[in-house]
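**Q** What follows is structure-v7.cif; its format and atoms are mmCIF, C-alpha atoms.
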data_target
loop_
_atom_site.label_atom_id
_atom_site.label_comp_id
_atom_site.auth_asym_id
_atom_site.auth_seq_id
_atom_site.Cartn_x
_atom_site.Cartn_y
_atom_site.Cartn_z
CA MET A 1 -87.07 -15.44 -12.02
CA ARG A 2 -83.91 -16.07 -9.93
CA SER A 3 -84.52 -16.28 -6.19
CA PRO A 4 -82.73 -13.63 -4.05
CA CYS A 5 -82.01 -16.29 -1.42
CA ARG A 6 -80.14 -18.34 -3.98
CA GLY A 7 -77.97 -15.34 -4.91
CA VAL A 8 -77.12 -14.71 -1.25
CA ALA A 9 -76.21 -18.38 -0.83
CA VAL A 10 -73.86 -18.24 -3.80
CA LEU A 11 -72.21 -15.09 -2.41
CA LEU A 12 -71.69 -16.70 1.01
CA LEU A 13 -70.21 -19.80 -0.60
CA ALA A 14 -67.73 -17.65 -2.56
CA CYS A 15 -66.69 -15.80 0.60
CA TRP A 16 -66.20 -19.10 2.41
CA LEU A 17 -63.95 -20.38 -0.37
CA LEU A 18 -61.90 -17.19 -0.23
CA VAL A 19 -61.44 -17.61 3.52
CA LEU A 20 -60.25 -21.19 3.03
CA ALA A 21 -57.76 -20.09 0.36
CA ALA A 22 -56.42 -17.18 2.42
CA PRO A 23 -54.01 -19.21 4.62
CA ALA A 24 -52.34 -20.70 1.57
CA ARG A 25 -51.74 -17.26 0.11
CA ALA A 26 -50.71 -15.82 3.47
CA GLY A 27 -47.73 -18.17 3.58
CA GLU A 28 -46.34 -16.56 0.44
CA GLU A 29 -45.19 -13.14 1.60
CA LEU A 30 -44.57 -10.56 -1.04
CA PRO A 31 -40.94 -9.42 -1.20
CA LEU A 32 -39.99 -6.12 0.37
CA THR A 33 -39.09 -3.64 -2.35
CA PHE A 34 -36.55 -0.91 -1.63
CA ASP A 35 -35.04 1.98 -3.45
CA MET A 36 -32.03 3.71 -1.91
CA GLU A 37 -33.95 6.30 0.10
CA ARG A 38 -36.45 3.83 1.47
CA ALA A 39 -33.57 1.60 2.54
CA VAL A 40 -31.98 4.52 4.38
CA GLU A 41 -35.26 5.36 6.11
CA ARG A 42 -35.74 1.73 7.18
CA ALA A 43 -32.16 1.52 8.49
CA ARG A 44 -32.55 4.64 10.62
CA ARG A 45 -35.62 3.06 12.24
CA GLY A 46 -34.70 -0.62 12.43
CA SER A 47 -30.92 -0.87 12.58
CA PRO A 48 -29.55 -2.65 15.68
CA LEU A 49 -26.92 0.10 15.89
CA VAL A 50 -29.61 2.71 16.49
CA GLU A 51 -31.41 0.59 19.10
CA LEU A 52 -28.14 -0.05 20.95
CA ALA A 53 -27.25 3.66 20.93
CA GLU A 54 -30.68 4.55 22.31
CA ALA A 55 -30.26 2.08 25.17
CA MET A 56 -26.78 3.45 25.93
CA ARG A 57 -28.16 6.99 26.03
CA GLU A 58 -30.92 5.99 28.44
CA GLN A 59 -28.44 4.25 30.72
CA ALA A 60 -26.06 7.23 30.68
CA GLU A 61 -28.91 9.58 31.59
CA LEU A 62 -29.86 7.47 34.60
CA GLU A 63 -26.23 7.29 35.76
CA TRP A 64 -25.91 11.06 35.46
CA LEU A 65 -29.05 11.67 37.51
CA GLN A 66 -27.86 9.19 40.10
CA ALA A 67 -24.45 10.88 40.38
CA GLN A 68 -26.10 14.30 40.66
CA GLU A 69 -28.48 13.07 43.33
CA GLN A 70 -25.57 11.72 45.35
CA ALA A 71 -23.64 14.98 44.95
CA ASP A 72 -26.62 17.07 46.09
CA ARG A 73 -26.48 15.35 49.48
CA ILE A 74 -23.05 16.87 50.19
CA PRO A 75 -23.02 20.54 51.30
CA ALA A 76 -20.52 22.57 49.27
CA GLU A 77 -19.08 24.24 52.38
CA SER A 78 -18.17 20.84 53.81
CA VAL A 79 -15.91 19.81 50.94
CA GLU A 80 -12.31 19.83 52.20
CA THR A 81 -10.51 17.00 50.41
CA TYR A 82 -9.97 16.02 46.81
CA GLU A 83 -11.87 12.78 47.35
CA MET A 84 -14.97 14.59 48.59
CA ALA A 85 -14.62 17.19 45.83
CA SER A 86 -14.60 14.32 43.34
CA ILE A 87 -17.89 13.03 44.68
CA LYS A 88 -19.40 16.51 44.79
CA TYR A 89 -18.13 17.91 41.49
CA LEU A 90 -16.09 15.51 39.36
CA TYR A 91 -18.32 12.44 39.27
CA PRO A 92 -21.53 14.32 38.36
CA PHE A 93 -19.67 16.29 35.70
CA GLN A 94 -18.09 13.10 34.35
CA ALA A 95 -21.52 11.45 34.23
CA LEU A 96 -22.93 14.50 32.48
CA MET A 97 -20.18 14.37 29.85
CA ALA A 98 -20.85 10.66 29.37
CA TYR A 99 -24.53 11.44 28.85
CA LEU A 100 -23.75 14.14 26.29
CA VAL A 101 -21.40 11.76 24.49
CA ALA A 102 -24.10 9.08 24.51
CA ARG A 103 -26.57 11.54 22.99
CA GLN A 104 -24.07 12.43 20.30
CA TYR A 105 -23.33 8.75 19.72
CA GLU A 106 -27.04 8.17 19.18
CA LYS A 107 -26.88 10.63 16.28
CA ALA A 108 -23.64 9.09 15.03
CA ALA A 109 -25.26 5.64 15.12
CA ALA A 110 -28.06 6.89 12.88
CA CYS A 111 -25.40 8.24 10.52
CA ASP A 112 -23.61 4.88 10.61
CA ALA A 113 -26.89 3.09 9.90
CA GLU A 114 -27.51 5.28 6.85
CA TRP A 115 -23.95 4.73 5.66
CA MET A 116 -24.26 0.95 5.98
CA ALA A 117 -27.64 1.00 4.23
CA ARG A 118 -26.21 2.86 1.24
CA ARG A 119 -23.13 0.64 1.03
CA THR A 120 -24.98 -2.67 1.37
CA TYR A 121 -27.62 -1.52 -1.13
CA CYS A 122 -24.88 -0.82 -3.70
CA GLN A 123 -23.06 -4.04 -2.87
CA LEU A 124 -26.24 -6.07 -3.38
CA TRP A 125 -26.91 -4.30 -6.67
CA GLN A 126 -23.34 -5.05 -7.76
CA ALA A 127 -23.70 -8.71 -6.82
CA GLN A 128 -26.98 -9.04 -8.71
CA ALA A 129 -25.46 -7.39 -11.79
CA ALA A 130 -22.46 -9.73 -11.60
CA LEU A 131 -24.86 -12.67 -11.34
CA ARG A 132 -26.61 -11.58 -14.54
CA ALA A 133 -23.24 -11.37 -16.29
CA ALA A 134 -22.30 -14.83 -15.00
CA GLU A 135 -25.57 -16.27 -16.32
CA GLU A 136 -24.91 -14.70 -19.72
CA ALA A 137 -21.38 -16.12 -19.66
CA VAL A 138 -22.70 -19.63 -19.04
CA GLU A 139 -25.19 -19.31 -21.90
CA ALA A 140 -22.45 -18.05 -24.21
CA ALA A 141 -20.07 -20.84 -23.18
CA VAL A 142 -22.74 -23.49 -23.74
CA ALA A 143 -23.58 -21.99 -27.15
CA HIS A 144 -19.89 -21.98 -27.99
CA LEU A 145 -19.56 -25.63 -27.05
CA ASP A 146 -22.64 -26.56 -29.08
CA PHE A 147 -21.12 -24.78 -32.06
CA LEU A 148 -17.86 -26.69 -31.61
CA ASN A 149 -19.71 -30.00 -31.37
CA LEU A 150 -21.54 -29.32 -34.63
CA ALA A 151 -18.34 -28.21 -36.30
CA GLY A 152 -16.54 -31.27 -34.92
CA ALA A 153 -18.89 -33.55 -36.78
CA THR A 154 -17.65 -32.05 -40.04
CA GLY A 155 -14.02 -32.20 -38.95
CA THR A 156 -13.47 -28.42 -39.07
CA VAL A 157 -12.34 -28.14 -35.42
CA THR A 158 -9.71 -30.04 -33.51
CA ARG A 159 -10.00 -32.14 -30.39
CA GLU A 160 -8.13 -29.43 -28.49
CA ASP A 161 -10.80 -26.89 -29.48
CA LEU A 162 -13.54 -29.14 -28.09
CA LEU A 163 -11.65 -29.61 -24.82
CA ALA A 164 -11.10 -25.85 -24.55
CA GLY A 165 -14.84 -25.31 -25.07
CA LYS A 166 -15.66 -27.73 -22.24
CA VAL A 167 -13.19 -25.98 -19.96
CA ARG A 168 -14.84 -22.65 -20.77
CA VAL A 169 -18.24 -24.05 -19.80
CA ALA A 170 -16.88 -25.44 -16.53
CA GLN A 171 -15.19 -22.16 -15.68
CA ALA A 172 -18.33 -20.18 -16.46
CA GLN A 173 -20.41 -22.47 -14.25
CA ALA A 174 -17.90 -22.10 -11.41
CA GLN A 175 -18.10 -18.31 -11.74
CA LEU A 176 -21.90 -18.57 -11.69
CA VAL A 177 -21.81 -20.46 -8.39
CA ALA A 178 -19.46 -17.84 -6.95
CA ALA A 179 -21.80 -15.07 -8.13
CA GLN A 180 -24.79 -16.81 -6.54
CA GLY A 181 -22.91 -17.01 -3.24
CA ALA A 182 -21.97 -13.35 -3.48
CA VAL A 183 -25.62 -12.40 -3.94
CA ALA A 184 -26.63 -14.48 -0.90
CA LEU A 185 -23.98 -12.80 1.27
CA ALA A 186 -24.89 -9.32 0.00
CA GLU A 187 -28.58 -9.95 0.69
CA GLU A 188 -27.83 -11.02 4.25
CA ALA A 189 -25.63 -7.98 4.85
CA PHE A 190 -28.41 -5.75 3.51
CA ARG A 191 -31.00 -7.41 5.75
CA GLN A 192 -28.80 -6.97 8.82
CA ALA A 193 -28.12 -3.32 8.00
CA LEU A 194 -31.88 -2.64 7.81
CA GLY A 195 -32.96 -4.98 10.61
CA ILE A 196 -35.01 -7.25 8.31
CA HIS A 197 -35.95 -10.84 9.16
CA PRO A 198 -33.47 -13.27 7.58
CA GLU A 199 -36.17 -15.24 5.73
CA ARG A 200 -37.87 -12.22 4.18
CA LYS A 201 -37.36 -11.78 0.45
CA ILE A 202 -36.15 -8.41 -0.78
CA GLU A 203 -36.00 -6.64 -4.12
CA LEU A 204 -34.18 -3.49 -5.23
CA SER A 205 -36.11 -1.10 -7.42
CA GLY A 206 -33.38 1.07 -8.91
CA LEU A 207 -29.94 2.60 -8.65
CA PRO A 208 -29.76 6.38 -8.16
CA GLU A 209 -27.43 8.59 -10.10
CA PRO A 210 -24.30 9.70 -8.25
CA ALA A 211 -24.42 13.18 -6.73
CA SER A 212 -22.57 15.97 -8.45
CA GLY A 213 -21.61 17.93 -5.35
CA ALA A 214 -19.96 15.71 -2.74
CA GLY A 215 -16.29 15.56 -3.53
CA ALA A 216 -16.72 17.23 -6.89
CA GLU A 217 -13.72 18.67 -8.62
CA GLY A 218 -12.79 22.04 -7.20
CA GLU A 219 -14.55 21.53 -3.86
CA ASP A 220 -12.43 22.84 -1.01
CA LEU A 221 -10.78 19.92 0.74
CA ALA A 222 -9.84 22.14 3.67
CA ALA A 223 -13.51 23.06 4.16
CA LEU A 224 -14.49 19.39 4.10
CA THR A 225 -11.88 18.60 6.72
CA ALA A 226 -12.97 21.47 8.95
CA GLU A 227 -16.57 20.29 8.71
CA ALA A 228 -15.52 16.78 9.68
CA LEU A 229 -13.52 17.99 12.68
CA ASP A 230 -16.58 19.93 13.82
CA LYS A 231 -19.08 17.09 13.40
CA ARG A 232 -17.33 13.77 13.89
CA PHE A 233 -18.30 11.87 17.02
CA GLU A 234 -14.75 10.70 17.75
CA VAL A 235 -13.50 14.27 18.11
CA TYR A 236 -16.52 15.30 20.16
CA ALA A 237 -16.04 12.41 22.61
CA ALA A 238 -12.30 13.12 22.93
CA GLU A 239 -12.96 16.79 23.69
CA LYS A 240 -15.47 15.88 26.40
CA GLU A 241 -12.89 13.61 27.98
CA CYS A 242 -10.45 16.54 28.01
CA GLU A 243 -13.02 18.67 29.83
CA VAL A 244 -13.37 16.00 32.50
CA ARG A 245 -9.59 15.71 32.92
CA ARG A 246 -9.24 19.52 33.19
CA LEU A 247 -11.78 19.62 36.00
CA ASP A 248 -10.01 16.71 37.69
CA LEU A 249 -6.71 18.61 37.59
CA ASP A 250 -8.37 21.77 38.92
CA LEU A 251 -9.82 19.85 41.87
CA ALA A 252 -6.50 18.13 42.57
CA ARG A 253 -4.78 21.53 42.76
CA ARG A 254 -7.46 23.06 45.01
CA TYR A 255 -7.93 20.28 47.55
CA PRO A 256 -5.46 18.06 49.40
CA SER A 257 -5.76 14.42 48.49
CA THR A 258 -6.47 11.95 51.29
CA PRO A 259 -6.42 8.52 49.64
CA LEU A 260 -9.10 6.09 50.64
CA ALA A 261 -8.84 2.41 51.16
CA PRO A 262 -10.33 0.28 48.38
CA MET A 263 -14.00 1.14 47.98
CA PRO A 264 -16.28 -1.64 49.22
CA ALA A 265 -18.27 -3.43 46.57
CA GLU A 266 -21.49 -1.90 47.86
CA GLY A 267 -20.14 1.64 47.42
CA LEU A 268 -20.97 4.52 49.77
CA PRO A 269 -23.33 3.86 52.68
CA PRO A 270 -26.93 4.49 51.62
CA MET A 271 -29.04 7.23 53.16
CA GLU A 272 -31.59 5.89 55.63
CA PRO A 273 -35.29 6.71 54.98
CA ASP A 274 -35.69 8.66 58.25
CA GLU A 275 -32.28 10.34 58.02
CA THR A 276 -31.89 14.04 57.18
CA PRO A 277 -29.19 15.18 54.72
CA GLU A 278 -27.23 16.74 57.56
CA GLU A 279 -27.30 13.53 59.61
CA TYR A 280 -26.32 11.51 56.55
CA TRP A 281 -23.42 13.85 55.85
CA GLU A 282 -22.09 13.52 59.38
CA ARG A 283 -22.30 9.74 59.21
CA LEU A 284 -20.65 9.76 55.79
CA GLN A 285 -17.78 11.90 57.11
CA ASP A 286 -17.21 9.44 59.94
CA TRP A 287 -17.27 6.56 57.47
CA LEU A 288 -14.79 8.32 55.17
CA GLY A 289 -12.57 9.10 58.13
CA GLU A 290 -12.37 5.42 58.90
CA GLN A 291 -11.45 4.71 55.28
CA ALA A 292 -8.87 7.48 54.85
CA GLU A 293 -5.13 7.15 55.29
CA ALA A 294 -3.30 9.48 57.60
CA GLU A 295 -1.04 11.47 55.23
CA PRO A 296 -2.20 13.46 52.17
CA SER A 297 -0.91 12.02 48.91
CA PRO A 298 1.53 14.08 46.80
CA HIS A 299 0.63 12.16 43.65
CA ALA A 300 -2.85 13.53 42.92
CA VAL A 301 -1.73 16.54 40.87
CA PRO A 302 0.92 14.69 38.78
CA ARG A 303 -1.59 11.93 38.13
CA ALA A 304 -4.26 14.41 37.00
CA GLU A 305 -1.73 16.24 34.80
CA ALA A 306 -0.71 12.97 33.14
CA ALA A 307 -4.36 12.02 32.60
CA LEU A 308 -5.09 15.40 31.01
CA ARG A 309 -2.07 15.11 28.72
CA GLN A 310 -3.11 11.62 27.71
CA SER A 311 -6.64 12.78 26.87
CA GLN A 312 -5.24 15.67 24.82
CA LEU A 313 -3.02 13.29 22.85
CA LYS A 314 -6.02 11.05 22.21
CA ARG A 315 -7.96 14.05 20.95
CA GLU A 316 -5.17 14.98 18.54
CA ALA A 317 -4.95 11.36 17.38
CA ALA A 318 -8.70 11.38 16.75
CA LYS A 319 -8.36 14.57 14.70
CA ASP A 320 -5.51 13.08 12.68
CA ALA A 321 -7.62 9.99 11.96
CA VAL A 322 -10.52 12.18 10.83
CA ARG A 323 -8.25 14.18 8.52
CA LEU A 324 -6.96 10.95 6.98
CA ASP A 325 -10.51 9.62 6.58
CA VAL A 326 -11.62 12.74 4.73
CA LEU A 327 -8.53 12.81 2.51
CA SER A 328 -8.88 9.12 1.62
CA ALA A 329 -12.63 9.38 0.98
CA TYR A 330 -12.20 12.56 -1.11
CA TRP A 331 -9.74 10.98 -3.50
CA ALA A 332 -11.73 7.76 -3.59
CA VAL A 333 -14.61 9.81 -5.01
CA GLN A 334 -12.32 11.32 -7.64
CA ARG A 335 -11.01 7.88 -8.60
CA ALA A 336 -14.50 6.37 -8.72
CA ARG A 337 -15.79 9.22 -10.87
CA ALA A 338 -12.94 8.71 -13.36
CA ASN A 339 -13.56 4.95 -13.39
CA LEU A 340 -17.23 5.55 -14.12
CA GLU A 341 -16.38 7.72 -17.12
CA ALA A 342 -14.09 4.99 -18.43
CA ALA A 343 -16.74 2.32 -17.84
CA ARG A 344 -19.36 4.37 -19.66
CA ALA A 345 -17.06 4.77 -22.64
CA ALA A 346 -16.38 1.03 -22.65
CA ALA A 347 -20.12 0.25 -22.47
CA GLU A 348 -20.87 2.60 -25.36
CA ALA A 349 -18.09 1.05 -27.45
CA ALA A 350 -19.32 -2.47 -26.69
CA ALA A 351 -22.90 -1.49 -27.61
CA GLU A 352 -21.73 -0.07 -30.96
CA ALA A 353 -19.63 -3.19 -31.58
CA LEU A 354 -22.70 -5.33 -30.92
CA GLU A 355 -24.75 -3.35 -33.46
CA LEU A 356 -22.00 -3.86 -36.04
CA ALA A 357 -21.82 -7.56 -35.22
CA ARG A 358 -25.58 -7.95 -35.69
CA ALA A 359 -25.42 -6.21 -39.05
CA ARG A 360 -22.54 -8.41 -40.16
CA TYR A 361 -24.29 -11.54 -38.94
CA GLU A 362 -27.39 -10.66 -40.93
CA ALA A 363 -25.15 -10.06 -43.93
CA GLY A 364 -23.57 -13.47 -43.41
CA THR A 365 -20.03 -12.21 -42.92
CA ILE A 366 -19.59 -13.49 -39.33
CA SER A 367 -20.70 -16.65 -37.53
CA ARG A 368 -23.30 -17.08 -34.83
CA LEU A 369 -20.47 -17.72 -32.38
CA GLU A 370 -18.92 -14.31 -33.07
CA LEU A 371 -22.31 -12.66 -32.51
CA ILE A 372 -22.72 -14.48 -29.20
CA ASN A 373 -19.29 -13.28 -28.08
CA ALA A 374 -20.18 -9.70 -29.04
CA GLU A 375 -23.42 -9.94 -27.05
CA LEU A 376 -21.51 -11.24 -24.03
CA GLU A 377 -18.95 -8.43 -24.26
CA ALA A 378 -21.79 -5.88 -24.36
CA VAL A 379 -23.38 -7.43 -21.27
CA VAL A 380 -20.08 -7.48 -19.40
CA ALA A 381 -19.41 -3.84 -20.32
CA ALA A 382 -22.91 -2.79 -19.19
CA VAL A 383 -22.40 -4.60 -15.90
CA GLY A 384 -19.04 -2.87 -15.60
CA GLU A 385 -20.78 0.48 -15.92
CA GLU A 386 -23.31 -0.48 -13.22
CA THR A 387 -20.46 -1.64 -10.99
CA ALA A 388 -18.65 1.66 -11.50
CA ARG A 389 -21.82 3.57 -10.60
CA CYS A 390 -22.11 1.53 -7.42
CA GLU A 391 -18.47 2.20 -6.58
CA LEU A 392 -19.02 5.93 -6.98
CA LEU A 393 -22.18 5.86 -4.87
CA MET A 394 -20.32 3.99 -2.13
CA ALA A 395 -17.40 6.41 -2.34
CA GLU A 396 -19.81 9.34 -1.96
CA ALA A 397 -21.40 7.61 1.04
CA ASP A 398 -17.93 7.12 2.54
CA LEU A 399 -17.14 10.80 2.08
CA ALA A 400 -20.43 11.86 3.67
CA HIS A 401 -19.70 9.53 6.57
CA ALA A 402 -16.17 10.87 6.92
CA ARG A 403 -17.54 14.42 7.01
CA GLY A 404 -19.91 13.51 9.83
CA TRP A 405 -23.15 14.11 7.97
CA GLY A 406 -26.19 13.10 9.98
CA THR A 407 -24.60 13.70 13.38
CA GLY A 408 -26.19 17.08 14.01
CA GLU A 409 -25.25 20.72 13.59
CA GLY A 410 -21.70 20.93 14.83
CA ARG A 411 -21.82 20.88 18.62
CA PRO A 412 -25.52 21.04 19.57
CA LEU A 413 -24.78 19.46 22.96
CA GLN A 414 -21.71 21.52 23.89
CA LEU A 415 -22.00 23.16 27.33
CA THR A 416 -21.92 26.95 27.17
CA SER A 417 -21.08 27.51 30.84
CA GLY A 418 -17.82 25.56 30.82
CA SER A 419 -16.64 23.40 33.68
CA PRO A 420 -18.50 23.82 36.99
CA THR A 421 -16.75 25.88 39.61
CA PRO A 422 -16.59 24.30 43.05
#
Let's see the structure in the file written out as structure tokens.
**A**
Amino acid sequence: MRSPCRGVAVLLLACWLLVLAAPARAGEELPLTFDMERAVERARRGSPLVELAEAMREQAELEWLQAQEQADRIPAESVETYEMASIKYLYPFQALMAYLVARQYEKAAACDAEWMARRTYCQLWQAQAALRAAEEAVEAAVAHLDFLNLAGATGTVTREDLLAGKVRVAQAQAQLVAAQGAVALAEEAFRQALGIHPERKIELSGLPEPASGAGAEGEDLAALTAEALDKRFEVYAAEKECEVRRLDLDLARRYPSTPLAPMPAEGLPPMEPDETPEEYWERLQDWLGEQAEAEPSPHAVPRAEAALRQSQLKREAAKDAVRLDVLSAYWAVQRARANLEAARAAAEAAAEALELARARYEAGTISRLELINAELEAVVAAVGEETARCELLMAEADLAHARGWGTGEGRPLQLTSGSPTP
């Protein structure tokens, strides 16, 4: 009868061996596998763009609170000059607009991260498909050269044919090296878009079918453009800048401007711990009086009007750029969809030609070399179809990006009360 102690000893020995073998296996990390949607999800969480936008939003919020805290120390009834009105009203409002823009940019950054994830995914898939075609081309070229060498022994081919076969092999190998480099670059771009460690291996698990709605024939281009103008971050930021400039002009018209000497590097005098707001305000008025020039400036209103006009022109330029983006992306989808149809037809024709070539080869009416060429043409046509699918997917991603998808529902951060009234 087997001893129970002996069985326990064997079990412990097996566990010990597994522990010793674990470090060796731990060094071989399994590749990260992504489909398109998982890549998008990873990019929205790990993209450096999203992390940077989050940090910018946090900084803008702190600057807004700081500006508001400084403005709260100034009694409204004591504001008599444009410079003091700027501290009381303009600077907090400007900081608030910057905070709202930063919040909107955080959403736009997530949209950009998704866009880059979709594009780099398709580009990597394209590069890998091109690499497969390059490998097939090398095999076909080598087989062709072997055929020529055998035929050369019987004197049925010329020296020029042999040299042409060697050139074909060399060219195919050069294209293979180029394809390998393209895959390496596409992999690195994909890793950076998703925030993946450079040494981590990655695999793609499939290519989705293009959508049938975005940019489909008959879709209203005017509606797409209106949606983009409502959602795009560039337009939103330009409109917020216009709001700031309008308030600046309003303050310049209401209050006389008393220019100050250059602001010291340390800014306004800080409030002492034991100082009341009223005492601080009196001390601040004295300090500003020392800084102020004697005569009010006549240039405040013209300057504010010019700044407002400039911001309005920038807003219109941003809208024009958005319109052009949508128009370009819309027709890129149409072109890519037509190219895909042509590529599918070419792939089907090449597949039928390959079936005919196989039948003829079995019947002995064509050579092995002709069959190899037919197989290569079928592979190249299939890769062409995959490439066309990737181009359409990227065009659809470009159109979604141009429309502002992912940046929120129109103007979720728009103020409803308008500019503050001093």
**Q** May I have the protein, DNA and RNA residues with an atom at most 9 Å from (-25.9, -7.4, -13.9), counting all atoms listed in the file in the file's coordinates, returned as a PyMOL selection string?
**A** chain A and resi 125-134+379-380+382-384+386-387
**Q** Any chance you can output those residues with C-alpha atoms as a PDB file, in the frame of the given file?
**A**
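Saved as out_1.pdb:
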ATOM      1  CA  TRP A 125     -26.910  -4.300  -6.670  1.00  0.00           C
ATOM      2  CA  GLN A 126     -23.340  -5.050  -7.760  1.00  0.00           C
ATOM      3  CA  ALA A 127     -23.700  -8.710  -6.820  1.00  0.00           C
ATOM      4  CA  GLN A 128     -26.980  -9.040  -8.710  1.00  0.00           C
ATOM      5  CA  ALA A 129     -25.460  -7.390 -11.790  1.00  0.00           C
ATOM      6  CA  ALA A 130     -22.460  -9.730 -11.600  1.00  0.00           C
ATOM      7  CA  LEU A 131     -24.860 -12.670 -11.340  1.00  0.00           C
ATOM      8  CA  ARG A 132     -26.610 -11.580 -14.540  1.00  0.00           C
ATOM      9  CA  ALA A 133     -23.240 -11.370 -16.290  1.00  0.00           C
ATOM     10  CA  ALA A 134     -22.300 -14.830 -15.000  1.00  0.00           C
ATOM     11  CA  VAL A 379     -23.380  -7.430 -21.270  1.00  0.00           C
ATOM     12  CA  VAL A 380     -20.080  -7.480 -19.400  1.00  0.00           C
ATOM     13  CA  ALA A 382     -22.910  -2.790 -19.190  1.00  0.00           C
ATOM     14  CA  VAL A 383     -22.400  -4.600 -15.900  1.00  0.00           C
ATOM     15  CA  GLY A 384     -19.040  -2.870 -15.600  1.00  0.00           C
ATOM     16  CA  GLU A 386     -23.310  -0.480 -13.220  1.00  0.00           C
ATOM     17  CA  THR A 387     -20.460  -1.640 -10.990  1.00  0.00           C
TER      18      THR A 387
END
**Q** Please determine, counting all atoms listed in the file, which residue among A:Ala317, A:Ala153, A:Ala226, A:Ala304 has the shortest atom-to-atom distance to Ser257 of chain A.
**A**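 Closest to Ser257 of chain A, using all atoms listed in the file: A:Ala304.
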**Q** Once you count all atoms listed in the file, which residues end up no further than 10 Å from (-8.2, 14.7, 11.3) in the file's frame, shown as a list in words?
**A**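 Checked against the point, the hits come out as Thr225, Ala226, Ala228, Leu229, Arg232, Val235, Arg315, Glu316, Ala317, Ala318, Lys319, Asp320, Ala321, Val322, Arg323, Leu324, Asp325, Val326, Leu327 and Ala402 of chain A.
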**Q** What does the distance between atom CA of Ile87 of chain A and atom CA of Leu100 of chain A come to in Å, to one decimal place?
**A**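 Interatomic distance, atom CA of Ile87 of chain A to atom CA of Leu100 of chain A: 19.3 Å.
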**Q** If you measure from atom CA of Glu61 of chain A to atom CA of Tyr89 of chain A, what distance in Å do you get, rounded to one decimal?
**A**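 These atoms are spaced 16.8 Å apart.
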**Q** Work out how far apart atom CA of Glu241 of chain A and atom CA of Gln94 of chain A are and give it in Å to one decimal.
**A** 8.2 Å
**Q** Apply the PyMOL selection byres ((chain A and resi 182-192) around 9) to the displayed file and report the matching residues as a PyMOL selection string.
**A** chain A and resi 47-48+116-117+119-121+123-128+130-131+177-181+193-198+200-202
**Q** Using all atoms listed in the file, can you tell me which of A:Ala342, A:Leu308, A:Leu96, A:Val244 comes closest to Gln68 of chain A?
**A**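 Comparing A:Ala342, A:Leu308, A:Leu96, A:Val244 against Gln68 of chain A, the winner is A:Leu96.
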**Q** With only C-alpha atoms as the basis for distance, which of A:Arg253, A:Arg389, A:Arg246, A:Arg73 is at the shortest distance from Glu341 of chain A?
**A**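 For Glu341 of chain A, the nearest of the candidates is A:Arg389.
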**Q** With only C-alpha atoms as the basis for distance, which of A:Pro92, A:Gly155, A:Pro256, A:Gly404 is at the shortest distance from Glu69 of chain A?
**A**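 Ranking A:Pro92, A:Gly155, A:Pro256, A:Gly404 by distance to Glu69 of chain A, first place goes to A:Pro92.
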**Q** Identify which of the residues A:Trp331, A:Tyr82, A:Tyr236, A:Tyr105 lies closest to Ala252 of chain A, counting only C-alpha atoms when measuring atom-to-atom distances.
**A**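 Among A:Trp331, A:Tyr82, A:Tyr236, A:Tyr105, it is A:Tyr82 that comes nearest to Ala252 of chain A.
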**Q** Counting only C-alpha atoms, figure out which residue out of A:Glu41, A:Glu63, A:Glu77, A:Glu114 gets nearest to Met394 of chain A.
**A** A:Glu114
**Q** List the residues selected by the PyMOL selection byres ((chain A and resi 74) around 9) in the file shown, writing them as an MDAnalysis selection string.
**A** chainID A and resid 70:73 75:79 84 87:88 277:278 280:281
**Q** For the PyMOL selection byres ((chain A and resi 35) around 9), applied here, can you spell out every residue it catches as JSON, numbers by chain?
**A** {"A": [33, 34, 36, 37, 38, 39, 40, 121, 203, 204, 205, 206, 207, 208]}
